[in-house]
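Data file: query.cif. Format and content: mmCIF, C-alpha atoms.
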data_coords
#
loop_
_atom_site.label_atom_id
_atom_site.label_comp_id
_atom_site.auth_asym_id
_atom_site.auth_seq_id
_atom_site.Cartn_x
_atom_site.Cartn_y
_atom_site.Cartn_z
CA MET H 1462 0.00 0.00 0.00
CA LYS H 1463 1.32 3.41 -0.96
CA LYS H 1464 1.92 5.88 1.87
CA ILE H 1465 0.04 9.17 1.68
CA THR H 1466 2.73 11.85 1.86
CA LYS H 1467 0.62 14.95 1.22
CA VAL H 1468 -2.96 15.66 2.31
CA TYR H 1469 -3.49 19.06 0.73
CA THR H 1470 -3.08 19.84 -2.97
CA ARG H 1471 -4.64 23.32 -3.16
CA ARG H 1472 -6.51 22.14 -6.27
CA GLY H 1473 -9.86 22.38 -4.46
CA ASP H 1474 -9.44 25.89 -3.11
CA GLN H 1475 -11.79 27.32 -5.74
CA GLY H 1476 -14.66 24.93 -4.95
CA GLN H 1477 -13.88 22.23 -7.50
CA THR H 1478 -12.62 18.68 -7.09
CA SER H 1479 -11.63 15.80 -9.34
CA LEU H 1480 -13.69 12.70 -10.00
CA VAL H 1481 -12.26 9.28 -10.77
CA GLY H 1482 -10.87 9.81 -14.27
CA GLY H 1483 -9.81 13.41 -13.62
CA GLN H 1484 -12.93 15.39 -14.56
CA ARG H 1485 -13.29 18.56 -12.48
CA VAL H 1486 -16.67 19.25 -10.90
CA SER H 1487 -18.16 21.64 -8.38
CA LYS H 1488 -18.00 20.52 -4.77
CA ALA H 1489 -21.69 21.49 -4.64
CA SER H 1490 -22.70 18.98 -7.34
CA VAL H 1491 -25.25 16.26 -6.68
CA ARG H 1492 -22.53 13.68 -7.40
CA LEU H 1493 -20.36 15.05 -4.59
CA GLU H 1494 -23.38 15.31 -2.31
CA SER H 1495 -24.22 11.65 -2.98
CA TYR H 1496 -20.82 10.17 -2.22
CA GLY H 1497 -20.19 12.72 0.52
CA THR H 1498 -23.32 11.51 2.28
CA VAL H 1499 -22.14 7.91 1.91
CA ASP H 1500 -18.84 8.98 3.48
CA GLU H 1501 -20.79 10.61 6.33
CA LEU H 1502 -22.67 7.34 6.79
CA SER H 1503 -19.39 5.44 6.99
CA SER H 1504 -18.21 7.84 9.70
CA HIS H 1505 -21.37 7.25 11.72
CA LEU H 1506 -20.90 3.51 11.22
CA GLY H 1507 -17.34 3.90 12.52
CA LEU H 1508 -18.72 5.44 15.70
CA LEU H 1509 -21.21 2.59 15.97
CA ALA H 1510 -18.43 0.01 15.47
CA SER H 1511 -16.36 1.67 18.20
CA MET H 1512 -19.30 1.24 20.60
CA LEU H 1513 -20.06 -2.38 19.70
CA PRO H 1514 -18.45 -5.24 21.59
CA GLU H 1515 -16.24 -7.61 19.61
CA GLY H 1516 -18.39 -10.05 17.66
CA GLU H 1517 -20.48 -10.63 14.56
CA ASP H 1518 -22.29 -7.27 14.59
CA LYS H 1519 -19.01 -5.32 14.74
CA VAL H 1520 -17.51 -7.45 11.98
CA MET H 1521 -20.60 -6.82 9.84
CA ILE H 1522 -20.45 -3.06 10.36
CA GLN H 1523 -16.79 -3.01 9.35
CA ARG H 1524 -17.61 -5.12 6.28
CA ILE H 1525 -20.27 -2.57 5.37
CA GLN H 1526 -17.78 0.27 5.75
CA ASN H 1527 -15.46 -1.48 3.30
CA ASN H 1528 -18.35 -1.91 0.86
CA LEU H 1529 -19.20 1.77 1.17
CA PHE H 1530 -15.74 2.59 -0.18
CA ASN H 1531 -16.74 0.67 -3.32
CA VAL H 1532 -20.02 2.59 -3.43
CA CYS H 1533 -18.15 5.92 -3.17
CA THR H 1534 -15.78 4.93 -5.98
CA ASN H 1535 -18.79 4.04 -8.12
CA LEU H 1536 -20.50 7.35 -7.39
CA ALA H 1537 -17.26 9.32 -7.94
CA THR H 1538 -17.03 7.96 -11.49
CA ASP H 1539 -18.83 9.69 -14.34
CA GLN H 1540 -19.61 6.48 -16.23
CA GLU H 1541 -20.32 8.38 -19.46
CA LYS H 1542 -16.65 9.51 -19.51
CA THR H 1543 -14.71 6.94 -17.46
CA PRO H 1544 -15.14 3.17 -17.21
CA LEU H 1545 -15.66 1.87 -13.68
CA TYR H 1546 -12.56 0.63 -11.90
CA PRO H 1547 -12.84 -2.86 -10.40
CA SER H 1548 -12.92 -1.19 -6.97
CA ALA H 1549 -16.21 0.49 -7.95
CA PHE H 1550 -18.07 -2.82 -7.86
CA LEU H 1551 -19.39 -4.45 -4.73
CA PRO H 1552 -18.04 -7.92 -4.04
CA LYS H 1553 -20.43 -10.62 -5.25
CA GLY H 1554 -23.20 -11.51 -2.85
CA GLU H 1555 -23.13 -8.38 -0.65
CA ILE H 1556 -26.78 -7.45 -1.29
CA GLU H 1557 -27.82 -11.02 -0.52
CA CYS H 1558 -25.65 -10.94 2.61
CA LEU H 1559 -27.61 -7.94 3.91
CA GLU H 1560 -30.91 -9.66 3.07
CA HIS H 1561 -29.77 -12.77 4.93
CA GLU H 1562 -28.78 -10.73 7.99
CA VAL H 1563 -32.17 -8.97 7.98
CA ASP H 1564 -33.96 -12.33 7.83
CA VAL H 1565 -31.85 -13.81 10.65
CA ILE H 1566 -32.48 -10.81 12.89
CA MET H 1567 -36.21 -10.72 12.13
CA ASP H 1568 -36.48 -14.40 13.09
CA MET H 1569 -34.99 -13.69 16.52
CA LEU H 1570 -37.18 -10.68 17.35
CA PRO H 1571 -40.61 -10.83 18.95
CA GLU H 1572 -43.43 -9.59 16.76
CA LYS H 1573 -44.31 -5.94 17.48
CA GLN H 1574 -46.84 -3.73 15.78
CA GLY H 1575 -46.69 0.01 15.22
CA PHE H 1576 -44.10 2.58 14.34
CA ILE H 1577 -41.15 2.79 16.71
CA LEU H 1578 -39.46 5.96 17.85
CA PRO H 1579 -35.70 5.92 17.32
CA GLY H 1580 -33.85 5.43 20.58
CA GLY H 1581 -33.47 2.88 23.29
CA THR H 1582 -29.89 2.07 24.20
CA PRO H 1583 -27.07 4.34 23.01
CA LEU H 1584 -26.04 1.58 20.56
CA ALA H 1585 -29.54 1.32 19.10
CA ALA H 1586 -29.90 5.11 18.97
CA GLN H 1587 -26.60 5.41 17.04
CA THR H 1588 -27.78 2.66 14.71
CA HIS H 1589 -30.92 4.71 14.01
CA VAL H 1590 -28.72 7.72 13.23
CA CYS H 1591 -26.86 5.51 10.74
CA ARG H 1592 -30.18 4.38 9.26
CA THR H 1593 -31.42 7.93 8.71
CA VAL H 1594 -28.13 9.05 7.16
CA CYS H 1595 -28.33 5.96 4.94
CA ARG H 1596 -31.82 6.99 3.80
CA ARG H 1597 -30.53 10.48 3.00
CA ALA H 1598 -27.65 8.97 1.03
CA GLU H 1599 -30.17 6.89 -0.88
CA ARG H 1600 -32.19 10.01 -1.74
CA ARG H 1601 -29.05 11.77 -3.00
CA ILE H 1602 -28.06 8.73 -5.08
CA VAL H 1603 -31.55 8.55 -6.59
CA GLU H 1604 -31.30 12.25 -7.43
CA LEU H 1605 -27.94 11.63 -9.13
CA SER H 1606 -29.39 8.67 -11.04
CA GLU H 1607 -31.97 10.99 -12.63
CA THR H 1608 -29.22 12.78 -14.59
CA ALA H 1609 -26.28 10.35 -14.62
CA THR H 1610 -25.59 6.64 -14.81
CA VAL H 1611 -25.55 4.98 -11.39
CA SER H 1612 -25.04 1.25 -11.08
CA SER H 1613 -28.24 -0.48 -10.00
CA GLU H 1614 -26.32 -2.51 -7.41
CA VAL H 1615 -25.46 0.74 -5.60
CA LEU H 1616 -29.10 1.69 -5.24
CA GLN H 1617 -30.04 -1.84 -4.16
CA TYR H 1618 -27.23 -2.06 -1.64
CA VAL H 1619 -27.98 1.26 0.03
CA ASN H 1620 -31.69 0.43 0.17
CA ARG H 1621 -31.02 -2.95 1.83
CA LEU H 1622 -28.49 -1.35 4.14
CA SER H 1623 -31.11 0.95 5.66
CA ASP H 1624 -33.34 -2.10 6.22
CA TYR H 1625 -30.46 -3.89 7.92
CA LEU H 1626 -29.73 -0.91 10.16
CA PHE H 1627 -33.40 -0.71 11.17
CA VAL H 1628 -33.52 -4.33 12.30
CA LEU H 1629 -30.05 -4.11 13.87
CA ALA H 1630 -31.30 -1.27 16.10
CA LYS H 1631 -34.26 -3.45 17.11
CA LYS H 1632 -31.90 -6.36 17.83
CA LEU H 1633 -29.58 -4.24 19.95
CA ASN H 1634 -32.50 -3.02 22.05
CA PHE H 1635 -33.89 -6.56 22.34
CA ILE H 1636 -30.54 -8.02 23.49
CA ALA H 1637 -30.22 -5.23 26.09
CA GLY H 1638 -33.75 -5.87 27.35
CA GLN H 1639 -34.72 -2.33 26.34
CA SER H 1640 -38.33 -1.86 25.32
CA GLU H 1641 -38.86 0.18 22.20
CA LYS H 1642 -41.07 3.21 22.34
CA ILE H 1643 -44.07 2.92 20.06
CA TRP H 1644 -45.34 6.08 18.41
CA GLN H 1645 -48.48 7.39 20.02
CA ASN H 1646 -50.54 9.88 18.05
CA ALA H 1647 -51.14 12.76 20.46
CA CYS H 1648 -54.47 13.45 18.74
CA ASP H 1649 -55.85 9.99 19.52
#
Could you spell out this file's structure in structure tokens?
Amino acid sequence: MKKITKVYTRRGDQGQTSLVGGQRVSKASVRLESYGTVDELSSHLGLLASMLPEGEDKVMIQRIQNNLFNVCTNLATDQEKTPLYPSAFLPKGEIECLEHEVDVIMDMLPEKQGFILPGGTPLAAQTHVCRTVCRRAERRIVELSETATVSSEVLQYVNRLSDYLFVLAKKLNFIAGQSEKIWQNACD
């Protein structure tokens, strides 16, 4: 692995940055907003991972963070001008892996009805923060896909990821013996 010897380049001082392939774009572009939000999600997942005990959930979160690097590479590539690098593709089976994890968690949880309020334990609350940032990333990626080519696997992965984070929050509360708060309509 090559050592990073310089962090600043001064090339972005005027509000532009380079995509994969070298094209210069505004830092305010929807493309930058989409992969910037994915990067924000990865940071929130890093906080979650730092709070999780060693075990399968922590390993899964770190696996997801690695996959999000692939997602960012995909989104940082203008596919009309630059072919996708191999690192822009998710490893085979990652969408199915998330679906499997959702199914396993759902099987272990008791059946509850109603909308839940985000919260519970600090771990579950942080997982809900990750879920909502994931949903925002998905909205930004959908917006980008309306004007540029976005790989369908990226949209599928981010959509499944928010589902996984939702059930992971429920699992973390369940394991801790923390009851979830069900939304109560104040008008009822």
Leaving out region 1588-1593 of chain H and any residue of its chain fewer than 3 positions from it, which residues lie within 7 Å of it when counting all atoms listed in the file, given as a ChimeraX atom specification? /H:1502,1505-1506,1509,1579,1584-1585,1596-1597,1623,1626-1627,1630
Generate the output file for the selected residues, C-alpha atoms, as a PDB file, in the frame of the given file.
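Result saved to selection31.pdb:
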ATOM      1  CA  LEU H1502     -22.670   7.340   6.790  1.00  0.00           C
ATOM      2  CA  HIS H1505     -21.370   7.250  11.720  1.00  0.00           C
ATOM      3  CA  LEU H1506     -20.900   3.510  11.220  1.00  0.00           C
ATOM      4  CA  LEU H1509     -21.210   2.590  15.970  1.00  0.00           C
ATOM      5  CA  PRO H1579     -35.700   5.920  17.320  1.00  0.00           C
ATOM      6  CA  LEU H1584     -26.040   1.580  20.560  1.00  0.00           C
ATOM      7  CA  ALA H1585     -29.540   1.320  19.100  1.00  0.00           C
ATOM      8  CA  ARG H1596     -31.820   6.990   3.800  1.00  0.00           C
ATOM      9  CA  ARG H1597     -30.530  10.480   3.000  1.00  0.00           C
ATOM     10  CA  SER H1623     -31.110   0.950   5.660  1.00  0.00           C
ATOM     11  CA  LEU H1626     -29.730  -0.910  10.160  1.00  0.00           C
ATOM     12  CA  PHE H1627     -33.400  -0.710  11.170  1.00  0.00           C
ATOM     13  CA  ALA H1630     -31.300  -1.270  16.100  1.00  0.00           C
TER      14      ALA H1630
END
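Interatomic distance, CA of Asn1531 (chain H) to CA of Ser1548 (chain H): 5.6 Å.
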If you measure from CA of Leu1545 (chain H) to CA of Glu1560 (chain H), what distance in Å do you get, rounded to one decimal? 25.4 Å
Point-to-point distance in Å for CA of Asp1518 (chain H) and CA of Arg1601 (chain H): 26.8 Å
Near-Ser1504 (chain H) list (12 Å; all atoms listed in the file; drop same-chain fewer than 2 positions) as a PyMOL selection string: chain H and resi 1497-1502+1506-1511+1522-1523+1525-1527+1529-1530+1587-1588+1590-1591+1594-1595
Return as lines of an AutoDock Vina configuration file the box centre and box size in Å, one decimal, for an axis-aligned box around all listed atoms of region 1629-1644 of chain H padded by 4 Å per side.
center_x = -37.5
center_y = -1.0
center_z = 20.6
size_x = 23.8
size_y = 22.1
size_z = 21.5
Nearest to Lys1519 (chain H), chosen from H:Ile1643, H:Gly1482, H:Pro1544, H:Leu1633, with only C-alpha atoms counted in the distances: H:Leu1633
